[in-house]
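Source file: structure36.cif (mmCIF, C-alpha atoms)
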```cif
data_target
#
loop_
_atom_site.group_PDB
_atom_site.id
_atom_site.type_symbol
_atom_site.label_atom_id
_atom_site.label_comp_id
_atom_site.auth_asym_id
_atom_site.auth_seq_id
_atom_site.Cartn_x
_atom_site.Cartn_y
_atom_site.Cartn_z
ATOM 1 C CA MET A 19 0.000 0.000 0.000
ATOM 2 C CA VAL A 20 2.845 2.409 0.865
ATOM 3 C CA LYS A 21 4.400 1.623 -2.502
ATOM 4 C CA ASP A 22 1.109 2.499 -4.223
ATOM 5 C CA TRP A 23 0.946 5.876 -2.465
ATOM 6 C CA ILE A 24 4.555 6.722 -3.316
ATOM 7 C CA LYS A 25 3.776 5.929 -6.940
ATOM 8 C CA ALA A 26 0.630 8.099 -6.762
ATOM 9 C CA PHE A 27 2.690 10.998 -5.353
ATOM 10 C CA ARG A 28 4.687 10.948 -8.645
ATOM 11 C CA LEU A 29 7.850 12.164 -6.957
ATOM 12 C CA ARG A 30 9.604 12.351 -10.337
ATOM 13 C CA THR A 31 7.694 15.615 -10.922
ATOM 14 C CA LEU A 32 9.376 17.310 -7.960
ATOM 15 C CA PRO A 33 12.576 18.501 -9.704
ATOM 16 C CA LEU A 34 10.447 20.591 -12.085
ATOM 17 C CA ALA A 35 8.484 22.069 -9.174
ATOM 18 C CA PHE A 36 11.661 22.796 -7.180
ATOM 19 C CA SER A 37 13.161 24.641 -10.173
ATOM 20 C CA SER A 38 10.986 27.674 -9.396
ATOM 21 C CA ILE A 39 12.256 27.932 -5.822
ATOM 22 C CA ILE A 40 15.894 27.442 -6.794
ATOM 23 C CA THR A 41 15.721 30.073 -9.551
ATOM 24 C CA GLY A 42 13.983 32.560 -7.247
ATOM 25 C CA THR A 43 16.653 31.896 -4.628
ATOM 26 C CA ALA A 44 19.369 32.633 -7.196
ATOM 27 C CA LEU A 45 17.736 35.986 -7.975
ATOM 28 C CA ALA A 46 17.832 36.958 -4.285
ATOM 29 C CA PHE A 47 20.969 35.139 -3.213
ATOM 30 C CA ASP A 48 22.383 38.130 -1.292
ATOM 31 C CA GLU A 49 19.418 37.784 1.103
ATOM 32 C CA PHE A 50 19.549 33.985 1.299
ATOM 33 C CA ASP A 51 17.925 32.462 4.386
ATOM 34 C CA PRO A 52 18.108 28.657 4.860
ATOM 35 C CA ILE A 53 14.814 28.593 6.793
ATOM 36 C CA ILE A 54 12.947 30.364 3.974
ATOM 37 C CA PHE A 55 14.566 28.025 1.457
ATOM 38 C CA SER A 56 13.630 24.893 3.435
ATOM 39 C CA LEU A 57 10.044 26.001 4.076
ATOM 40 C CA ALA A 58 9.608 27.022 0.434
ATOM 41 C CA LEU A 59 10.802 23.617 -0.786
ATOM 42 C CA ALA A 60 8.535 21.821 1.692
ATOM 43 C CA THR A 61 5.517 23.909 0.673
ATOM 44 C CA THR A 62 6.256 23.279 -2.999
ATOM 45 C CA LEU A 63 6.611 19.555 -2.358
ATOM 46 C CA PHE A 64 3.181 19.379 -0.713
ATOM 47 C CA LEU A 65 1.592 21.510 -3.442
ATOM 48 C CA GLN A 66 3.046 19.339 -6.198
ATOM 49 C CA VAL A 67 1.922 16.109 -4.554
ATOM 50 C CA LEU A 68 -1.513 17.677 -4.003
ATOM 51 C CA SER A 69 -1.673 18.539 -7.702
ATOM 52 C CA ASN A 70 -0.658 15.014 -8.703
ATOM 53 C CA LEU A 71 -3.273 13.403 -6.447
ATOM 54 C CA ALA A 72 -6.021 15.781 -7.574
ATOM 55 C CA ASN A 73 -5.035 15.146 -11.194
ATOM 56 C CA ASP A 74 -5.319 11.398 -10.616
ATOM 57 C CA TYR A 75 -8.742 11.843 -9.026
ATOM 58 C CA GLY A 76 -10.051 14.329 -11.607
ATOM 59 C CA ASP A 77 -9.064 12.288 -14.662
ATOM 60 C CA ALA A 78 -10.442 9.089 -13.110
ATOM 61 C CA GLU A 79 -13.705 10.848 -12.244
ATOM 62 C CA LYS A 80 -14.123 12.022 -15.848
ATOM 63 C CA GLY A 81 -13.109 8.717 -17.416
ATOM 64 C CA THR A 82 -10.004 10.134 -19.106
ATOM 65 C CA ASP A 83 -7.774 7.558 -17.434
ATOM 66 C CA ASN A 84 -8.663 4.389 -19.299
ATOM 67 C CA GLU A 85 -7.076 1.502 -21.194
ATOM 68 C CA ASN A 86 -6.289 3.803 -24.131
ATOM 69 C CA ARG A 87 -4.109 6.157 -22.086
ATOM 70 C CA VAL A 88 -0.475 6.136 -23.237
ATOM 71 C CA GLY A 89 1.280 7.254 -20.030
ATOM 72 C CA PRO A 90 1.912 5.275 -16.844
ATOM 73 C CA ASP A 91 -1.071 3.840 -14.962
ATOM 74 C CA ARG A 92 -2.706 6.094 -12.405
ATOM 75 C CA ALA A 93 -3.542 4.982 -8.866
ATOM 76 C CA ILE A 94 -7.330 5.044 -9.143
ATOM 77 C CA GLN A 95 -7.314 3.740 -12.720
ATOM 78 C CA SER A 96 -5.263 0.700 -11.699
ATOM 79 C CA GLY A 97 -7.429 0.025 -8.639
ATOM 80 C CA ALA A 98 -4.514 0.443 -6.240
ATOM 81 C CA ILE A 99 -6.233 3.337 -4.419
ATOM 82 C CA SER A 100 -9.959 4.003 -4.119
ATOM 83 C CA LYS A 101 -11.637 7.335 -4.836
ATOM 84 C CA SER A 102 -12.548 7.794 -1.161
ATOM 85 C CA GLN A 103 -8.948 7.157 -0.096
ATOM 86 C CA MET A 104 -7.731 9.634 -2.700
ATOM 87 C CA LYS A 105 -10.184 12.272 -1.440
ATOM 88 C CA THR A 106 -8.826 11.845 2.080
ATOM 89 C CA ALA A 107 -5.240 12.178 0.837
ATOM 90 C CA ILE A 108 -6.138 15.336 -1.088
ATOM 91 C CA ILE A 109 -7.588 16.895 2.072
ATOM 92 C CA ILE A 110 -4.446 15.971 4.041
ATOM 93 C CA PHE A 111 -2.185 17.610 1.462
ATOM 94 C CA VAL A 112 -4.378 20.713 1.321
ATOM 95 C CA ILE A 113 -3.833 21.067 5.071
ATOM 96 C CA LEU A 114 -0.090 20.427 4.779
ATOM 97 C CA SER A 115 0.284 22.884 1.882
ATOM 98 C CA PHE A 116 -1.648 25.603 3.692
ATOM 99 C CA SER A 117 0.094 25.057 7.054
ATOM 100 C CA PHE A 118 3.615 25.136 5.639
ATOM 101 C CA GLY A 119 2.711 28.008 3.316
ATOM 102 C CA VAL A 120 1.426 30.130 6.187
ATOM 103 C CA SER A 121 4.516 29.267 8.249
ATOM 104 C CA LEU A 122 6.718 30.311 5.320
ATOM 105 C CA VAL A 123 4.924 33.639 4.899
ATOM 106 C CA ALA A 124 4.798 34.333 8.639
ATOM 107 C CA TYR A 125 8.542 33.780 9.000
ATOM 108 C CA SER A 126 9.678 35.602 5.859
ATOM 109 C CA MET A 127 7.339 38.581 6.368
ATOM 110 C CA ARG A 128 7.826 38.866 10.143
ATOM 111 C CA ASP A 129 9.278 42.372 9.856
ATOM 112 C CA SER A 130 7.291 43.504 6.819
ATOM 113 C CA HIS A 131 4.028 45.308 6.144
ATOM 114 C CA ILE A 132 0.881 43.312 6.946
ATOM 115 C CA GLY A 133 -0.291 43.910 3.379
ATOM 116 C CA TYR A 134 2.585 41.789 2.055
ATOM 117 C CA THR A 135 1.639 38.976 4.429
ATOM 118 C CA LEU A 136 -2.021 38.987 3.423
ATOM 119 C CA SER A 137 -1.191 39.193 -0.291
ATOM 120 C CA LEU A 138 1.145 36.200 -0.069
ATOM 121 C CA ILE A 139 -1.386 34.153 1.898
ATOM 122 C CA VAL A 140 -4.040 34.878 -0.747
ATOM 123 C CA THR A 141 -1.530 33.858 -3.431
ATOM 124 C CA GLY A 142 -0.882 30.633 -1.524
ATOM 125 C CA VAL A 143 -4.597 29.847 -1.393
ATOM 126 C CA LEU A 144 -4.816 30.448 -5.150
ATOM 127 C CA CYS A 145 -1.933 28.000 -5.631
ATOM 128 C CA ILE A 146 -3.860 25.351 -3.695
ATOM 129 C CA VAL A 147 -7.022 25.978 -5.712
ATOM 130 C CA ALA A 148 -5.052 25.849 -8.975
ATOM 131 C CA ALA A 149 -3.421 22.572 -7.936
ATOM 132 C CA ILE A 150 -6.833 20.983 -7.397
ATOM 133 C CA LYS A 151 -8.802 22.501 -10.252
ATOM 134 C CA TYR A 152 -6.513 21.412 -13.090
ATOM 135 C CA THR A 153 -8.591 18.279 -13.712
ATOM 136 C CA ALA A 154 -10.896 18.020 -10.677
ATOM 137 C CA GLY A 155 -14.379 19.531 -10.542
ATOM 138 C CA LYS A 156 -16.926 20.597 -13.140
ATOM 139 C CA LYS A 157 -14.920 23.600 -14.348
ATOM 140 C CA ALA A 158 -11.468 22.019 -14.497
ATOM 141 C CA TYR A 159 -9.290 24.421 -16.474
ATOM 142 C CA GLY A 160 -7.168 21.589 -17.884
ATOM 143 C CA TYR A 161 -10.213 20.426 -19.814
ATOM 144 C CA ARG A 162 -10.660 23.860 -21.404
ATOM 145 C CA GLY A 163 -7.185 24.304 -22.870
ATOM 146 C CA LEU A 164 -5.952 26.582 -20.089
ATOM 147 C CA GLY A 165 -3.433 24.249 -18.477
ATOM 148 C CA ASP A 166 -0.451 25.834 -20.225
ATOM 149 C CA VAL A 167 -1.455 29.318 -19.061
ATOM 150 C CA PHE A 168 -1.801 28.246 -15.429
ATOM 151 C CA VAL A 169 1.467 26.298 -15.488
ATOM 152 C CA PHE A 170 3.287 29.331 -16.893
ATOM 153 C CA ILE A 171 1.788 31.597 -14.226
ATOM 154 C CA PHE A 172 2.211 29.381 -11.174
ATOM 155 C CA PHE A 173 5.431 27.486 -12.013
ATOM 156 C CA GLY A 174 7.052 30.509 -13.612
ATOM 157 C CA LEU A 175 5.853 33.922 -12.461
ATOM 158 C CA VAL A 176 4.416 33.033 -9.057
ATOM 159 C CA GLY A 177 7.008 30.389 -8.216
ATOM 160 C CA VAL A 178 10.117 32.331 -9.212
ATOM 161 C CA LEU A 179 9.079 35.906 -8.430
ATOM 162 C CA GLY A 180 7.269 34.823 -5.272
ATOM 163 C CA SER A 181 10.386 33.022 -4.028
ATOM 164 C CA LYS A 182 12.526 36.085 -4.656
ATOM 165 C CA PHE A 183 9.991 38.275 -2.866
ATOM 166 C CA LEU A 184 10.056 36.028 0.211
ATOM 167 C CA TYR A 185 13.767 36.783 0.605
ATOM 168 C CA ALA A 186 13.984 40.403 -0.515
ATOM 169 C CA THR A 187 10.373 41.754 -0.373
ATOM 170 C CA SER A 188 11.051 43.214 -3.828
ATOM 171 C CA PHE A 189 11.823 42.235 -7.393
ATOM 172 C CA GLU A 190 13.075 44.017 -10.472
ATOM 173 C CA LEU A 191 11.304 43.964 -13.817
ATOM 174 C CA SER A 192 14.225 42.016 -15.288
ATOM 175 C CA SER A 193 13.447 39.143 -12.908
ATOM 176 C CA PHE A 194 10.522 38.298 -15.180
ATOM 177 C CA LEU A 195 13.023 36.981 -17.750
ATOM 178 C CA PRO A 196 14.343 33.923 -15.836
ATOM 179 C CA ALA A 197 10.820 33.460 -14.442
ATOM 180 C CA MET A 198 9.627 33.197 -18.047
ATOM 181 C CA THR A 199 12.272 30.551 -18.723
ATOM 182 C CA ILE A 200 10.997 28.346 -15.901
ATOM 183 C CA GLY A 201 7.354 28.993 -16.790
ATOM 184 C CA LEU A 202 7.783 28.268 -20.498
ATOM 185 C CA PHE A 203 9.921 25.169 -19.921
ATOM 186 C CA SER A 204 7.279 23.888 -17.479
ATOM 187 C CA ALA A 205 4.553 24.576 -20.042
ATOM 188 C CA ALA A 206 6.629 22.601 -22.556
ATOM 189 C CA VAL A 207 6.585 19.578 -20.228
ATOM 190 C CA LEU A 208 2.796 19.816 -20.027
ATOM 191 C CA ASN A 209 2.578 20.217 -23.803
ATOM 192 C CA LEU A 210 4.613 17.028 -24.284
ATOM 193 C CA ASN A 211 2.255 15.231 -21.925
ATOM 194 C CA ASN A 212 -0.729 16.512 -23.908
ATOM 195 C CA MET A 213 0.836 15.638 -27.279
ATOM 196 C CA ARG A 214 1.454 12.128 -25.996
ATOM 197 C CA ASP A 215 -2.153 11.735 -24.826
ATOM 198 C CA TRP A 216 -3.941 13.858 -27.420
ATOM 199 C CA GLU A 217 -5.875 11.021 -29.094
ATOM 200 C CA ASN A 218 -7.309 9.698 -25.838
ATOM 201 C CA ASP A 219 -7.879 13.242 -24.533
ATOM 202 C CA LYS A 220 -9.862 14.076 -27.671
ATOM 203 C CA ALA A 221 -11.991 10.952 -27.292
ATOM 204 C CA SER A 222 -12.559 11.800 -23.597
ATOM 205 C CA GLN A 223 -13.463 15.437 -24.386
ATOM 206 C CA LYS A 224 -10.444 16.743 -22.522
ATOM 207 C CA ASN A 225 -9.900 19.825 -24.666
ATOM 208 C CA THR A 226 -6.242 20.535 -24.062
ATOM 209 C CA LEU A 227 -4.451 23.058 -26.232
ATOM 210 C CA VAL A 228 -3.145 20.172 -28.364
ATOM 211 C CA VAL A 229 -6.681 18.863 -28.934
ATOM 212 C CA LYS A 230 -7.829 22.360 -29.864
ATOM 213 C CA VAL A 231 -5.088 23.212 -32.377
ATOM 214 C CA GLY A 232 -3.969 19.773 -33.545
ATOM 215 C CA LEU A 233 -0.620 17.983 -33.285
ATOM 216 C CA PRO A 234 1.295 19.838 -36.076
ATOM 217 C CA LYS A 235 0.540 23.263 -34.582
ATOM 218 C CA ALA A 236 1.220 21.954 -31.071
ATOM 219 C CA LYS A 237 4.725 20.965 -32.200
ATOM 220 C CA LYS A 238 5.312 24.472 -33.605
ATOM 221 C CA TYR A 239 4.039 25.932 -30.330
ATOM 222 C CA HIS A 240 6.442 23.614 -28.477
ATOM 223 C CA PHE A 241 9.424 24.909 -30.452
ATOM 224 C CA THR A 242 8.311 28.516 -29.923
ATOM 225 C CA ILE A 243 7.960 28.424 -26.138
ATOM 226 C CA LEU A 244 11.263 26.611 -25.625
ATOM 227 C CA ILE A 245 13.154 29.029 -27.879
ATOM 228 C CA ILE A 246 11.566 32.023 -26.099
ATOM 229 C CA GLY A 247 12.460 30.414 -22.767
ATOM 230 C CA ILE A 248 16.113 30.077 -23.784
ATOM 231 C CA THR A 249 16.194 33.612 -25.164
ATOM 232 C CA SER A 250 14.676 35.090 -21.994
ATOM 233 C CA SER A 251 17.413 33.910 -19.643
ATOM 234 C CA VAL A 252 20.141 34.838 -22.135
ATOM 235 C CA ALA A 253 18.604 38.325 -22.365
ATOM 236 C CA TYR A 254 18.716 38.540 -18.546
ATOM 237 C CA ALA A 255 22.406 37.645 -18.586
ATOM 238 C CA ILE A 256 23.157 40.252 -21.247
ATOM 239 C CA GLN A 257 21.214 42.923 -19.371
ATOM 240 C CA HIS A 258 23.122 42.188 -16.164
ATOM 241 C CA GLU A 259 26.469 41.896 -17.972
ATOM 242 C CA PHE A 260 27.258 38.351 -16.859
ATOM 243 C CA ARG A 261 30.893 37.340 -17.113
ATOM 244 C CA LEU A 262 31.663 34.375 -19.372
ATOM 245 C CA ILE A 263 31.916 31.972 -16.442
ATOM 246 C CA GLU A 264 28.525 33.132 -15.155
ATOM 247 C CA LEU A 265 26.941 31.904 -18.394
ATOM 248 C CA ILE A 266 27.371 28.339 -17.131
ATOM 249 C CA PHE A 267 23.558 27.949 -17.091
ATOM 250 C CA VAL A 268 23.623 27.893 -20.913
ATOM 251 C CA LEU A 269 24.895 24.306 -20.672
ATOM 252 C CA ALA A 270 21.382 23.277 -19.613
ATOM 253 C CA PHE A 271 20.101 24.256 -23.055
ATOM 254 C CA THR A 272 22.147 21.609 -24.889
ATOM 255 C CA PRO A 273 19.762 18.725 -24.074
ATOM 256 C CA VAL A 274 16.827 21.022 -24.911
ATOM 257 C CA VAL A 275 18.177 21.639 -28.418
ATOM 258 C CA LEU A 276 18.744 17.891 -28.891
ATOM 259 C CA HIS A 277 15.212 17.305 -27.613
ATOM 260 C CA LEU A 278 13.762 19.664 -30.229
ATOM 261 C CA ARG A 279 15.519 17.703 -32.951
ATOM 262 C CA ILE A 280 13.867 14.494 -31.719
ATOM 263 C CA VAL A 281 10.436 16.117 -31.438
ATOM 264 C CA SER A 282 10.664 17.370 -35.019
ATOM 265 C CA LYS A 283 10.912 13.745 -36.207
ATOM 266 C CA ILE A 284 7.922 12.385 -34.245
ATOM 267 C CA ASN A 285 4.871 12.140 -36.476
ATOM 268 C CA ASP A 286 2.874 8.918 -36.333
ATOM 269 C CA ASN A 287 3.457 7.585 -32.824
ATOM 270 C CA PRO A 288 2.540 9.999 -29.977
ATOM 271 C CA ALA A 289 3.923 7.504 -27.432
ATOM 272 C CA GLU A 290 7.398 8.610 -28.556
ATOM 273 C CA PHE A 291 6.812 11.918 -26.755
ATOM 274 C CA ASP A 292 6.758 10.131 -23.376
ATOM 275 C CA PRO A 293 10.538 9.808 -22.749
ATOM 276 C CA GLU A 294 10.970 13.443 -23.778
ATOM 277 C CA LEU A 295 9.026 14.665 -20.721
ATOM 278 C CA LYS A 296 11.806 13.608 -18.370
ATOM 279 C CA LYS A 297 14.458 15.253 -20.564
ATOM 280 C CA VAL A 298 12.799 18.680 -20.516
ATOM 281 C CA ALA A 299 11.901 18.451 -16.819
ATOM 282 C CA LEU A 300 15.484 17.557 -15.844
ATOM 283 C CA SER A 301 16.878 20.205 -18.192
ATOM 284 C CA THR A 302 14.711 22.772 -16.385
ATOM 285 C CA PHE A 303 16.025 21.566 -13.039
ATOM 286 C CA LEU A 304 19.599 21.654 -14.349
ATOM 287 C CA PHE A 305 19.047 25.216 -15.565
ATOM 288 C CA SER A 306 17.881 26.294 -12.088
ATOM 289 C CA ILE A 307 20.899 24.661 -10.408
ATOM 290 C CA LEU A 308 23.375 26.215 -12.842
ATOM 291 C CA PHE A 309 21.607 29.573 -12.594
ATOM 292 C CA LEU A 310 22.114 29.376 -8.827
ATOM 293 C CA VAL A 311 25.759 28.437 -9.366
ATOM 294 C CA SER A 312 26.189 31.524 -11.545
ATOM 295 C CA ALA A 313 24.934 33.621 -8.599
ATOM 296 C CA LEU A 314 27.535 31.998 -6.351
ATOM 297 C CA ILE A 315 30.491 32.621 -8.657
#
```
Reformat the file's structure so that it appears as structure tokens.
Amino acid sequence: MVKDWIKAFRLRTLPLAFSSIITGTALAFDEFDPIIFSLALATTLFLQVLSNLANDYGDAEKGTDNENRVGPDRAIQSGAISKSQMKTAIIIFVILSFSFGVSLVAYSMRDSHIGYTLSLIVTGVLCIVAAIKYTAGKKAYGYRGLGDVFVFIFFGLVGVLGSKFLYATSFELSSFLPAMTIGLFSAAVLNLNNMRDWENDKASQKNTLVVKVGLPKAKKYHFTILIIGITSSVAYAIQHEFRLIELIFVLAFTPVVLHLRIVSKINDNPAEFDPELKKVALSTFLFSILFLVSALI
């Protein structure tokens, strides 16, 4: 049973989620606080697991998880975990996410204006709602082609800029550039997932962006967001006059370029997109680590 829950948590998605926190930390490294960093990672962990569990429940509830699904089996779909058990787990992770999120805000904003504290708590609640409503409920935004937008906002802008704000209670306009990189790379991971599953999603009336525009245009969109993501962080480095050694984060783009070459050749078998998810997710994580290293140099 424990093994089934660990599988349902989908811990392999955590590096992508942690990328936001690490990149935000790099942007505010002069104000680094290990307690803020630890609480932010813990909160993100609980939010990501909450999202994964709610996604499992929502897709099972709507019949999208079935024998035609290309990706790995889900917990409810396989019968390993019941819907009632999954509901209980979702409630537990809502409580954990909220509790750690409030603790994070209370500690980081202890000497700041009350308005900052309230704004961050509201943002945290929105993160919890977004984590649940991707596939769960009658108005799940993932079923209306809005998943990419929400991933860009919450993994990129909120995750990166919010993390920086927790340390420094400020952020510069230029900080949007690396935040865009994380957001767009995260959206690319979702797009790969949706390209892989687009036939079953279409049959199940899950109107992802891929279902709406078709596979050829989804591939063009994929190239566009990854290229813009690469360009954004390079533009940040140019604006801040990075030394050559500080451009070490560019190494993370090598597997992304190789990935695009592979994607360009996939036409008839959407299942071939599946191994590419891990490549982009780990490349995003590598970017965040190397971006932090560049702040340390």
When the PyMOL selection byres ((chain A and resi 304) around 12) is applied to the file above, which residues end up in the set, as a short mmCIF file (atom, residue, chain, number, x, y, z; two decimals) with C-alpha atoms, keeping the file's coordinate frame?
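What ended up in part-v4.cif:
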```cif
data_model
loop_
_atom_site.label_atom_id
_atom_site.label_comp_id
_atom_site.auth_asym_id
_atom_site.auth_seq_id
_atom_site.Cartn_x
_atom_site.Cartn_y
_atom_site.Cartn_z
CA PRO A 33 12.58 18.50 -9.70
CA LEU A 34 10.45 20.59 -12.08
CA PHE A 36 11.66 22.80 -7.18
CA SER A 37 13.16 24.64 -10.17
CA SER A 38 10.99 27.67 -9.40
CA ILE A 40 15.89 27.44 -6.79
CA THR A 41 15.72 30.07 -9.55
CA ILE A 200 11.00 28.35 -15.90
CA PHE A 203 9.92 25.17 -19.92
CA ILE A 266 27.37 28.34 -17.13
CA PHE A 267 23.56 27.95 -17.09
CA VAL A 268 23.62 27.89 -20.91
CA LEU A 269 24.90 24.31 -20.67
CA ALA A 270 21.38 23.28 -19.61
CA PHE A 271 20.10 24.26 -23.06
CA THR A 272 22.15 21.61 -24.89
CA PRO A 273 19.76 18.73 -24.07
CA VAL A 274 16.83 21.02 -24.91
CA LYS A 296 11.81 13.61 -18.37
CA LYS A 297 14.46 15.25 -20.56
CA VAL A 298 12.80 18.68 -20.52
CA ALA A 299 11.90 18.45 -16.82
CA LEU A 300 15.48 17.56 -15.84
CA SER A 301 16.88 20.20 -18.19
CA THR A 302 14.71 22.77 -16.39
CA PHE A 303 16.02 21.57 -13.04
CA PHE A 305 19.05 25.22 -15.56
CA SER A 306 17.88 26.29 -12.09
CA ILE A 307 20.90 24.66 -10.41
CA LEU A 308 23.38 26.22 -12.84
CA PHE A 309 21.61 29.57 -12.59
CA LEU A 310 22.11 29.38 -8.83
CA VAL A 311 25.76 28.44 -9.37
#
```
Please evaluate the PyMOL selection byres ((chain A and resi 137) around 12) against the displayed coordinates and give the resulting residues as a count of residues only.
22
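Evaluating the PyMOL selection byres ((chain A and resi 46) around 10) against the shown model yields A:Thr41, A:Gly42, A:Thr43, A:Ala44, A:Leu45, A:Phe47, A:Asp48, A:Glu49, A:Phe50, A:Asp51, A:Leu179, A:Ser181, A:Lys182, A:Phe183, A:Leu184, A:Tyr185, A:Ala186, A:Thr187, A:Ser188, A:Phe189, A:Ser193, A:Leu310, A:Ala313.
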If you measure from atom CA of A:Ala255 to atom CA of A:Gly201, what distance in Å do you get, rounded to one decimal?
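Computing it gives 17.5 Å between the two atoms.
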Residues within 8 Å of A:Asn212, please, as an mmCIF file with C-alpha atoms, keeping the file's coordinate frame. Count only C-alpha atoms; anything in the same chain fewer than 4 positions from it doesn't count.
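For reference, selection.cif as written:
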```
data_model
loop_
_atom_site.group_PDB
_atom_site.id
_atom_site.type_symbol
_atom_site.label_atom_id
_atom_site.label_comp_id
_atom_site.auth_asym_id
_atom_site.auth_seq_id
_atom_site.Cartn_x
_atom_site.Cartn_y
_atom_site.Cartn_z
ATOM 1 C CA LEU A 208 2.796 19.816 -20.027
ATOM 2 C CA TRP A 216 -3.941 13.858 -27.420
ATOM 3 C CA ASP A 219 -7.879 13.242 -24.533
ATOM 4 C CA THR A 226 -6.242 20.535 -24.062
ATOM 5 C CA LEU A 227 -4.451 23.058 -26.232
ATOM 6 C CA VAL A 228 -3.145 20.172 -28.364
#
```
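Shown here are all protein and nucleic acid residues lying within 10 Å of (-9.9, 21.7, -14.9), with all atoms listed in the file considered: Asn73, Gly76, Asp77, Ala148, Ala149, Ile150, Lys151, Tyr152, Thr153, Ala154, Gly155, Lys156, Lys157, Ala158, Tyr159, Gly160, Tyr161, Arg162, Gly163, Leu164, Gly165, Lys224, Asn225 and Thr226 of chain A.
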Those residues with C-alpha atoms, as a PDB file, keeping the file's coordinate frame please?
```pdb
ATOM      1  CA  ASN A  73      -5.035  15.146 -11.194  1.00  0.00           C
ATOM      2  CA  GLY A  76     -10.051  14.329 -11.607  1.00  0.00           C
ATOM      3  CA  ASP A  77      -9.064  12.288 -14.662  1.00  0.00           C
ATOM      4  CA  ALA A 148      -5.052  25.849  -8.975  1.00  0.00           C
ATOM      5  CA  ALA A 149      -3.421  22.572  -7.936  1.00  0.00           C
ATOM      6  CA  ILE A 150      -6.833  20.983  -7.397  1.00  0.00           C
ATOM      7  CA  LYS A 151      -8.802  22.501 -10.252  1.00  0.00           C
ATOM      8  CA  TYR A 152      -6.513  21.412 -13.090  1.00  0.00           C
ATOM      9  CA  THR A 153      -8.591  18.279 -13.712  1.00  0.00           C
ATOM     10  CA  ALA A 154     -10.896  18.020 -10.677  1.00  0.00           C
ATOM     11  CA  GLY A 155     -14.379  19.531 -10.542  1.00  0.00           C
ATOM     12  CA  LYS A 156     -16.926  20.597 -13.140  1.00  0.00           C
ATOM     13  CA  LYS A 157     -14.920  23.600 -14.348  1.00  0.00           C
ATOM     14  CA  ALA A 158     -11.468  22.019 -14.497  1.00  0.00           C
ATOM     15  CA  TYR A 159      -9.290  24.421 -16.474  1.00  0.00           C
ATOM     16  CA  GLY A 160      -7.168  21.589 -17.884  1.00  0.00           C
ATOM     17  CA  TYR A 161     -10.213  20.426 -19.814  1.00  0.00           C
ATOM     18  CA  ARG A 162     -10.660  23.860 -21.404  1.00  0.00           C
ATOM     19  CA  GLY A 163      -7.185  24.304 -22.870  1.00  0.00           C
ATOM     20  CA  LEU A 164      -5.952  26.582 -20.089  1.00  0.00           C
ATOM     21  CA  GLY A 165      -3.433  24.249 -18.477  1.00  0.00           C
ATOM     22  CA  LYS A 224     -10.444  16.743 -22.522  1.00  0.00           C
ATOM     23  CA  ASN A 225      -9.900  19.825 -24.666  1.00  0.00           C
ATOM     24  CA  THR A 226      -6.242  20.535 -24.062  1.00  0.00           C
TER      25      THR A 226
END
```
Proximity to A:Val231 - best of A:Met213, A:Val176, A:Met198, A:Leu295, all atoms listed in the file
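Of the candidates, the smallest distance to A:Val231 is held by A:Met213.
If you look at atom CA of A:Val20 and atom CA of A:Ile108, they are 15.9 Å away from each other.
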Mind giving me the straight-line distance from atom CA of A:Leu71 to atom CA of A:Pro293 in Å, one decimal?
21.7 Å
Working from the structure I just supplied, which lacks atoms in stretch 164-174 of chain A, can you model N, CA and C atoms there and output them as a CSV table (one decimal), in the coordinates of the input?
```
chain,number,residue,atom,x,y,z
A,164,LEU,N,-6.6,25.5,-20.8
A,164,LEU,CA,-6.0,26.6,-20.1
A,164,LEU,C,-4.8,26.1,-19.2
A,165,GLY,N,-4.5,24.8,-19.3
A,165,GLY,CA,-3.4,24.2,-18.5
A,165,GLY,C,-2.1,24.9,-18.7
A,166,ASP,N,-1.7,25.2,-19.9
A,166,ASP,CA,-0.5,25.8,-20.2
A,166,ASP,C,-0.3,27.2,-19.6
A,167,VAL,N,-1.4,28.0,-19.6
A,167,VAL,CA,-1.5,29.3,-19.1
A,167,VAL,C,-1.2,29.3,-17.6
A,168,PHE,N,-1.9,28.3,-16.9
A,168,PHE,CA,-1.8,28.2,-15.4
A,168,PHE,C,-0.4,27.7,-15.0
A,169,VAL,N,0.1,26.8,-15.8
A,169,VAL,CA,1.5,26.3,-15.5
A,169,VAL,C,2.5,27.4,-15.6
A,170,PHE,N,2.4,28.2,-16.7
A,170,PHE,CA,3.3,29.3,-16.9
A,170,PHE,C,3.2,30.3,-15.7
A,171,ILE,N,2.0,30.6,-15.3
A,171,ILE,CA,1.8,31.6,-14.2
A,171,ILE,C,2.3,31.1,-12.9
A,172,PHE,N,1.9,29.9,-12.5
A,172,PHE,CA,2.2,29.4,-11.2
A,172,PHE,C,3.6,28.8,-11.1
A,173,PHE,N,4.1,28.0,-12.1
A,173,PHE,CA,5.4,27.5,-12.0
A,173,PHE,C,6.5,28.6,-12.3
A,174,GLY,N,6.1,29.5,-13.2
A,174,GLY,CA,7.1,30.5,-13.6
A,174,GLY,C,7.0,31.8,-12.8
```
